[in-house]
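Q: Please read through the structure below; I'll follow up with questions.
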Amino acid sequence: MSTNILNREFYTKPTLSVAKALLGKILVRQFDEGHLIRVVITEVEAYLGIKDKACHSYGGRRTPRNEIMWGEAGHAYIYFTYGLHYLLNVVTRSEGVPEAVLIRAGLRDNFMHVHPFVSGPARLTKFLQVDKSFNGEDLTTSRRLWLEDNRAFNATLPKIIKKPRVGIDYAEEFADKKWRLLLMLPINTGLQ
C-alpha cells in the first residue's frame with residue numbers, strides 16, 4: 001500500500017474545506033487479485049449535515065441508511081439511489097456531526113484511455129465496482145478503497161469552479177448553495 005494515504009485528520013476539518021482539498025487527490029480501488037484503478041478527483045459536492053436541507057441527516061435524521069454519517073470521519077458512506085445506483089461519499093468532521101462529501105467525477109490516471117473522464121457519481125462507482133459492501137469502509141486503513149495525496153498535482157492545482165449541487169431542487173434555499181466544486185482543467189472535460 002501507498003505511504004501517501006490520507007490520514008484521519010485530513011477528513012476532520014470543516015466539510016467545505018475537505019471538499020476543496022479532495023480535488024486533485026487520488027481515489028484508489030484495489031481488487032482481490034491486486035489490480036488497482038486510480039482516479040484523480042475532479043468534482044465533489046459538500047453536504048453540511050443537520051442544517052442542510054439537501055443532506056440525508058437534515059434536521060437530525062438518524063436512520064440505518066445514514067448511520068455511517070454520524071460516525072468517525074474518514075469512512076465511506078455508500079447509499080443506493082433511484083433503485084439503480086450506488087454513490088460514494090466521504091464522511092467528514094467528527095462523531096455526532098453527520099456531514100459528508102459526495103465524489104462526483106474523476107480523471108483516470110492512465111491518460112491513454114479514449115475516454116479519460118468518469119463523470120457522474122453513479123458512473124464513478126460503477127467504474128470502480130463500488131457497491132453497498134463498501135458502506136462504512138475505513139478509507140484510512142482499507143486495502144480495497146482509499147484516497148491518496150497527489151503531490152505532483154498539488155503543485156499545479158487548476159482553478160476551482162463553484163456551482164450549485166445537482167438534483168436537489170427540493171432543498172429550498174439550500175438548492176442554490178454553491179457547494180459543488182469542480183476543477184477547471186486545461187482540456188475539454190465536459191465538466192464545466
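Labels used: A, B, ... for chains in the order of the C-alpha cells, numbers from 1 for residues in each chain, and numbers from 1 for ligands as shown.
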Skip Ser94 (chain A) itself and residues of its chain fewer than 5 positions away, then list as a list in words all residues within 6 Å of it, counting only C-alpha atoms.
A: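 What passes the distance filter is Thr12, Glu72 and Ala73 of chain A.
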Q: What's the 6 Å shell around region 175-179 of chain A, counting only C-alpha atoms, without same-chain residues fewer than 3 positions away, as number ranges by chain?
A: A: 45-46, 162-164, 168-169, 171-172
Q: Contacts between region 118-135 of chain A and region 159-186 of chain A, please, where a residue of region 159-186 of chain A counts if it comes within 12 Å (with only C-alpha atoms); show its shortest atom pair and distance in Å to one decimal, rows by chain and ascending number, as CSV.
A:
```
residue,atom,partner,partner_atom,distance
A:Val166,CA,A:Gly120,CA,10.2
A:Gly167,CA,A:Gly120,CA,11.9
A:Leu182,CA,A:Ser119,CA,11.2
```
Q: May I have the residues from that selection written out with C-alpha atoms, as a PDB file, in the first residue's frame?
A:
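And here is the file that came out, again_14.pdb:
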```
ATOM      1  CA  VAL A 166     -27.177  18.640  -8.720  1.00  0.00           C
ATOM      2  CA  GLY A 167     -30.683  17.169  -8.302  1.00  0.00           C
ATOM      3  CA  LEU A 182     -15.063  21.337  -9.978  1.00  0.00           C
TER       4      LEU A 182
END
```
Q: So how far away is CA of Arg104 (chain A) from CA of Val40 (chain A), in Å?
A: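 CA of Val40 (chain A) sits 11.2 Å away from CA of Arg104 (chain A).
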Q: Determine the nearest neighbour of Pro98 (chain A) from the options A:Asp52, A:Asp32, A:Asp149, A:Glu137, counting only C-alpha atoms.
A: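 Using only C-alpha atoms, Pro98 (chain A) sits closest to A:Asp52.
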Q: Using only C-alpha atoms for the distances, tell me which of A:Ser57, A:Asn150, A:Thr15, A:Ser142 is nearest to Val91 (chain A).
A: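 Comparing A:Ser57, A:Asn150, A:Thr15, A:Ser142 against Val91 (chain A), the winner is A:Thr15.
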Q: Which residues, written as a ChimeraX atom specification, have at least one atom at most 7 Å from Trp146 (chain A), with only C-alpha atoms counted and residues fewer than 4 positions away on the same chain left out?
A: /A:5,27-29,139-140,142
Q: For the residues in that selection, give me C-alpha atoms as a PDB file, in the first residue's frame.
A:
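Once everything was written out, this is result.pdb:
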```pdb
ATOM      1  CA  ILE A   5      -2.794   7.604   2.030  1.00  0.00           C
ATOM      2  CA  LEU A  27      -9.146   7.711  -5.301  1.00  0.00           C
ATOM      3  CA  VAL A  28      -7.743   4.167  -5.380  1.00  0.00           C
ATOM      4  CA  ARG A  29      -9.663   0.907  -5.741  1.00  0.00           C
ATOM      5  CA  LEU A 139     -10.589   4.904   3.995  1.00  0.00           C
ATOM      6  CA  THR A 140      -7.515   5.359   6.205  1.00  0.00           C
ATOM      7  CA  SER A 142      -8.780  -0.193   3.898  1.00  0.00           C
TER       8      SER A 142
END
```
Q: Please provide as a list in words all residues within 12 Å of Gly136 (chain A), with the sequence filter that same-chain residues fewer than 4 positions apart are discarded (counting only C-alpha atoms).
A: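 Residues meeting the cut-off are Pro64, Arg65, Asn66, Glu67, Ile68, Met69, Trp70, Gly71, Glu72, Ala73, Gly74, His75, Ala76, Tyr77, Ile78, Tyr79, Leu88, Asn89, Val90, Val91, Asp131, Lys132, Thr140, Thr141, Ser142 and Leu145 of chain A.
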Q: Next, the residues of the selection above should be written as a PDB file, in the first residue's frame with N, CA and C atoms.
A:
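Generated file (selection-v7.pdb):
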```pdb
ATOM      1  N   PRO A  64     -30.922   3.790   9.668  1.00  0.00           N
ATOM      2  CA  PRO A  64     -29.927   2.774   9.294  1.00  0.00           C
ATOM      3  C   PRO A  64     -29.166   3.170   8.023  1.00  0.00           C
ATOM      4  N   ARG A  65     -29.832   3.853   7.086  1.00  0.00           N
ATOM      5  CA  ARG A  65     -29.186   4.251   5.834  1.00  0.00           C
ATOM      6  C   ARG A  65     -28.045   5.232   6.070  1.00  0.00           C
ATOM      7  N   ASN A  66     -28.266   6.244   6.926  1.00  0.00           N
ATOM      8  CA  ASN A  66     -27.253   7.300   7.089  1.00  0.00           C
ATOM      9  C   ASN A  66     -26.417   7.166   8.364  1.00  0.00           C
ATOM     10  N   GLU A  67     -26.525   6.068   9.055  1.00  0.00           N
ATOM     11  CA  GLU A  67     -25.823   5.890  10.334  1.00  0.00           C
ATOM     12  C   GLU A  67     -24.320   6.148  10.215  1.00  0.00           C
ATOM     13  N   ILE A  68     -23.709   5.766   9.115  1.00  0.00           N
ATOM     14  CA  ILE A  68     -22.265   5.961   8.920  1.00  0.00           C
ATOM     15  C   ILE A  68     -21.903   7.442   9.010  1.00  0.00           C
ATOM     16  N   MET A  69     -22.785   8.319   8.530  1.00  0.00           N
ATOM     17  CA  MET A  69     -22.503   9.761   8.573  1.00  0.00           C
ATOM     18  C   MET A  69     -22.330  10.267  10.003  1.00  0.00           C
ATOM     19  N   TRP A  70     -22.959   9.623  10.943  1.00  0.00           N
ATOM     20  CA  TRP A  70     -22.910  10.041  12.349  1.00  0.00           C
ATOM     21  C   TRP A  70     -21.638   9.565  13.049  1.00  0.00           C
ATOM     22  N   GLY A  71     -20.854   8.760  12.372  1.00  0.00           N
ATOM     23  CA  GLY A  71     -19.665   8.182  12.984  1.00  0.00           C
ATOM     24  C   GLY A  71     -18.386   8.949  12.712  1.00  0.00           C
ATOM     25  N   GLU A  72     -17.303   8.233  12.819  1.00  0.00           N
ATOM     26  CA  GLU A  72     -15.953   8.797  12.693  1.00  0.00           C
ATOM     27  C   GLU A  72     -15.665   9.250  11.261  1.00  0.00           C
ATOM     28  N   ALA A  73     -14.986  10.364  11.137  1.00  0.00           N
ATOM     29  CA  ALA A  73     -14.581  10.875   9.821  1.00  0.00           C
ATOM     30  C   ALA A  73     -13.630   9.895   9.149  1.00  0.00           C
ATOM     31  N   GLY A  74     -13.612   9.952   7.804  1.00  0.00           N
ATOM     32  CA  GLY A  74     -12.693   9.115   7.048  1.00  0.00           C
ATOM     33  C   GLY A  74     -13.265   7.781   6.643  1.00  0.00           C
ATOM     34  N   HIS A  75     -14.573   7.617   6.789  1.00  0.00           N
ATOM     35  CA  HIS A  75     -15.236   6.395   6.361  1.00  0.00           C
ATOM     36  C   HIS A  75     -16.047   6.660   5.100  1.00  0.00           C
ATOM     37  N   ALA A  76     -16.273   5.606   4.331  1.00  0.00           N
ATOM     38  CA  ALA A  76     -17.101   5.704   3.129  1.00  0.00           C
ATOM     39  C   ALA A  76     -18.566   5.584   3.520  1.00  0.00           C
ATOM     40  N   TYR A  77     -19.367   6.495   3.021  1.00  0.00           N
ATOM     41  CA  TYR A  77     -20.820   6.423   3.163  1.00  0.00           C
ATOM     42  C   TYR A  77     -21.362   6.123   1.770  1.00  0.00           C
ATOM     43  N   ILE A  78     -21.844   4.897   1.594  1.00  0.00           N
ATOM     44  CA  ILE A  78     -22.370   4.446   0.310  1.00  0.00           C
ATOM     45  C   ILE A  78     -23.876   4.308   0.449  1.00  0.00           C
ATOM     46  N   TYR A  79     -24.593   4.909  -0.475  1.00  0.00           N
ATOM     47  CA  TYR A  79     -26.036   4.709  -0.463  1.00  0.00           C
ATOM     48  C   TYR A  79     -26.537   4.405  -1.862  1.00  0.00           C
ATOM     49  N   LEU A  88     -20.787   7.211  -3.764  1.00  0.00           N
ATOM     50  CA  LEU A  88     -19.691   7.218  -2.788  1.00  0.00           C
ATOM     51  C   LEU A  88     -19.539   8.593  -2.168  1.00  0.00           C
ATOM     52  N   ASN A  89     -19.635   8.631  -0.849  1.00  0.00           N
ATOM     53  CA  ASN A  89     -19.409   9.838  -0.067  1.00  0.00           C
ATOM     54  C   ASN A  89     -18.296   9.567   0.930  1.00  0.00           C
ATOM     55  N   VAL A  90     -17.633  10.627   1.339  1.00  0.00           N
ATOM     56  CA  VAL A  90     -16.591  10.553   2.353  1.00  0.00           C
ATOM     57  C   VAL A  90     -17.100  11.296   3.589  1.00  0.00           C
ATOM     58  N   VAL A  91     -17.148  10.616   4.721  1.00  0.00           N
ATOM     59  CA  VAL A  91     -17.623  11.228   5.964  1.00  0.00           C
ATOM     60  C   VAL A  91     -16.565  12.191   6.490  1.00  0.00           C
ATOM     61  N   ASP A 131     -19.868  -0.962  -4.310  1.00  0.00           N
ATOM     62  CA  ASP A 131     -21.275  -1.231  -4.015  1.00  0.00           C
ATOM     63  C   ASP A 131     -21.530  -1.085  -2.513  1.00  0.00           C
ATOM     64  N   LYS A 132     -22.676  -1.548  -2.057  1.00  0.00           N
ATOM     65  CA  LYS A 132     -23.087  -1.384  -0.658  1.00  0.00           C
ATOM     66  C   LYS A 132     -22.106  -2.038   0.318  1.00  0.00           C
ATOM     67  N   THR A 140      -8.886   5.160   5.721  1.00  0.00           N
ATOM     68  CA  THR A 140      -7.515   5.359   6.205  1.00  0.00           C
ATOM     69  C   THR A 140      -6.768   4.032   6.398  1.00  0.00           C
ATOM     70  N   THR A 141      -7.496   2.910   6.431  1.00  0.00           N
ATOM     71  CA  THR A 141      -6.864   1.606   6.671  1.00  0.00           C
ATOM     72  C   THR A 141      -7.271   0.529   5.662  1.00  0.00           C
ATOM     73  N   SER A 142      -8.251   0.799   4.832  1.00  0.00           N
ATOM     74  CA  SER A 142      -8.780  -0.193   3.898  1.00  0.00           C
ATOM     75  C   SER A 142      -7.708  -0.664   2.921  1.00  0.00           C
ATOM     76  N   LEU A 145     -10.149   0.266  -0.824  1.00  0.00           N
ATOM     77  CA  LEU A 145     -10.580   1.599  -1.236  1.00  0.00           C
ATOM     78  C   LEU A 145      -9.948   2.630  -0.317  1.00  0.00           C
TER      79      LEU A 145
END
```
Q: Once DSSP has gone over the backbone, tell me which residues of region 101-154 of chain A are in strand (DSSP E), as a ChimeraX atom specification.
A: /A:101-108,117-119,145-148
Q: To one decimal place, how far is CA of Tyr11 (chain A) from CA of Arg93 (chain A) in Å?
A: 6.3 Å
Q: Have a look at CA of Asn7 (chain A) and CA of Ile26 (chain A) and let me know their distance in Å, one decimal.
A: 13.4 Å
